[in-house]
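Participant: Have a look at the structure that comes next, please.
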Amino acid sequence: MENKRSTKNIKELILIFVLLIILGIVIGIFNLGQVNQKIAELTVEETKIEEKKVLDSETIVAAYSPKKEVASQEVVSRYAKSRERETYKKLEEIQISKDMDLTIRCNISREEFMILMAGVRADTSGFFEENAGLIYDVCEKYQINEIFFCGLISAESGWNIAGNHRRTHNYISLMNGSGLIQFASVQEGLEKAASTLHKNYLSEGGRFYHGKTLEAVRTRFCPVNPNWTNLVFGRMKQIVK
């Protein structure tokens, strides 16, 4: 009888032990699931943080990139202008002569030409200083030396621009049967003067072409005045001293 009880107690103990083991395994699995879930949550959170850092970085880059690009363009622009400026002569390097080719430009910049004309003391009316940019443009368009063009205007209209030339906007005495030809504006008058010189007097095959020097132009432009060449060249020297 006693042995049967002992055997029963042992079986009960074994059963309890087995149940405890099973319970421990279940609890372990449950806890492991929680741990894995926590790890997964942390991983997701860390991923979000990393993604935010990336987005923040991209935002910063996007915010500053345009400024860098603009600065870069400004530097390139300044460099290009400085390189372009190196191809021009300095004002003191301008040379003129009676025998010069009147179709060869001075090779100075528009800005330098405007500075040059602003310093001409003989320009008592201020006409040449005021219209220096326009004069430069038409000379560039029709390939006429700027100093010659201004000297011719001064010789024909005077430094103060005589009243009849001012009213007609006819600055190099272009004539028809009725006298000075009338133009509508300063721009039209200067444009017509330059285009006429280029087409008729300074281009081979032109109606009055006789050469590209002052004396050659005089023989057809003003044949009755033998002093015309000296007059125009004298005005040119007042510009380039």
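Numbering starts fresh at 1 for the residues of each chain in the structure tokens, the chains themselves are lettered A, B, ... in the order given, and ligands are numbered from 1 as they appear.
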Write out as number ranges by chain the residues lying within 10 Å of region 152-157 of chain A, counting only C-alpha atoms and excluding same-chain residues fewer than 4 positions away.

Facilitator: A: 122-123, 128, 146-148, 161-166, 170-174, 190, 193, 214, 228-236

Participant: Between A:Leu202, A:Val138, A:Leu197, A:Cys150, which residue has the minimum interatomic distance to Met117 (chain A), considering only C-alpha atoms?

Facilitator: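 With only C-alpha atoms as the atom set, the closest residue is A:Cys150.
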
Participant: At a cut-off of 8 Å, using only C-alpha atoms, what residues contact His210 (chain A)? Leave out same-chain residues fewer than 2 positions from it and give the result as a PyMOL selection string.

Facilitator: chain A and resi 201-202+208+212+216-217+219-220

Participant: Output N, CA and C atoms for every residue in the selection just made, as a PDB file, in the first residue's frame.

Facilitator:
```
ATOM      1  N   TYR A 201      30.370 105.247-100.257  1.00  0.00           N
ATOM      2  CA  TYR A 201      31.720 105.824-100.244  1.00  0.00           C
ATOM      3  C   TYR A 201      32.825 104.869 -99.786  1.00  0.00           C
ATOM      4  N   LEU A 202      32.498 103.874 -98.981  1.00  0.00           N
ATOM      5  CA  LEU A 202      33.548 103.049 -98.379  1.00  0.00           C
ATOM      6  C   LEU A 202      33.506 101.586 -98.803  1.00  0.00           C
ATOM      7  N   PHE A 208      29.959 106.135-105.116  1.00  0.00           N
ATOM      8  CA  PHE A 208      30.983 107.181-105.048  1.00  0.00           C
ATOM      9  C   PHE A 208      32.304 106.652-104.486  1.00  0.00           C
ATOM     10  N   LYS A 212      39.447 104.147 -99.377  1.00  0.00           N
ATOM     11  CA  LYS A 212      39.000 104.107 -97.981  1.00  0.00           C
ATOM     12  C   LYS A 212      39.763 105.061 -97.066  1.00  0.00           C
ATOM     13  N   ALA A 216      40.671 109.997-100.269  1.00  0.00           N
ATOM     14  CA  ALA A 216      39.885 109.273-101.272  1.00  0.00           C
ATOM     15  C   ALA A 216      38.399 109.595-101.128  1.00  0.00           C
ATOM     16  N   VAL A 217      37.908 109.659 -99.897  1.00  0.00           N
ATOM     17  CA  VAL A 217      36.504 110.000 -99.669  1.00  0.00           C
ATOM     18  C   VAL A 217      36.244 111.452-100.081  1.00  0.00           C
ATOM     19  N   THR A 219      37.499 113.243-102.450  1.00  0.00           N
ATOM     20  CA  THR A 219      37.410 113.471-103.897  1.00  0.00           C
ATOM     21  C   THR A 219      35.994 113.290-104.426  1.00  0.00           C
ATOM     22  N   ARG A 220      35.188 112.531-103.754  1.00  0.00           N
ATOM     23  CA  ARG A 220      33.802 112.312-104.195  1.00  0.00           C
ATOM     24  C   ARG A 220      32.781 112.946-103.244  1.00  0.00           C
TER      25      ARG A 220
END
```

Participant: Write out as a VMD selection string all residues of region 130-233 of chain A that DSSP puts in strand (DSSP E or B) for this structure's backbone.

Facilitator: chain A and resid 175 to 176 179 to 180

Participant: Rank nothing, just name the residue among A:Glu140, A:Glu112, A:Glu130, A:Glu204 nearest to Ile94 (chain A), using only C-alpha atoms.

Facilitator: A:Glu112

Participant: Find the residues near Ile104 (chain A): any atom within 9 Å, counting only C-alpha atoms, skip ones fewer than 5 places away on the same chain, and give them as number ranges by chain.

Facilitator: A: 143-146

Participant: With only C-alpha atoms as the atoms that count, which of A:Glu93, A:Glu191, A:Glu215, A:Asp101 lies nearest to Ile135 (chain A)?

Facilitator: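 Selected residue with least distance to Ile135 (chain A): A:Glu191.
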
Participant: Between CA of Val240 (chain A) and CA of Ile108 (chain A), measure the distance and give it in Å to one decimal.

Facilitator: 12.7 Å

Participant: Looking at only C-alpha atoms, which of A:Thr168, A:Thr124, A:Asn160, A:Ser97 is the one that sits closest to Val186 (chain A)?

Facilitator: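 Of A:Thr168, A:Thr124, A:Asn160, A:Ser97, the one nearest Val186 (chain A) is A:Thr168, counting only C-alpha atoms.
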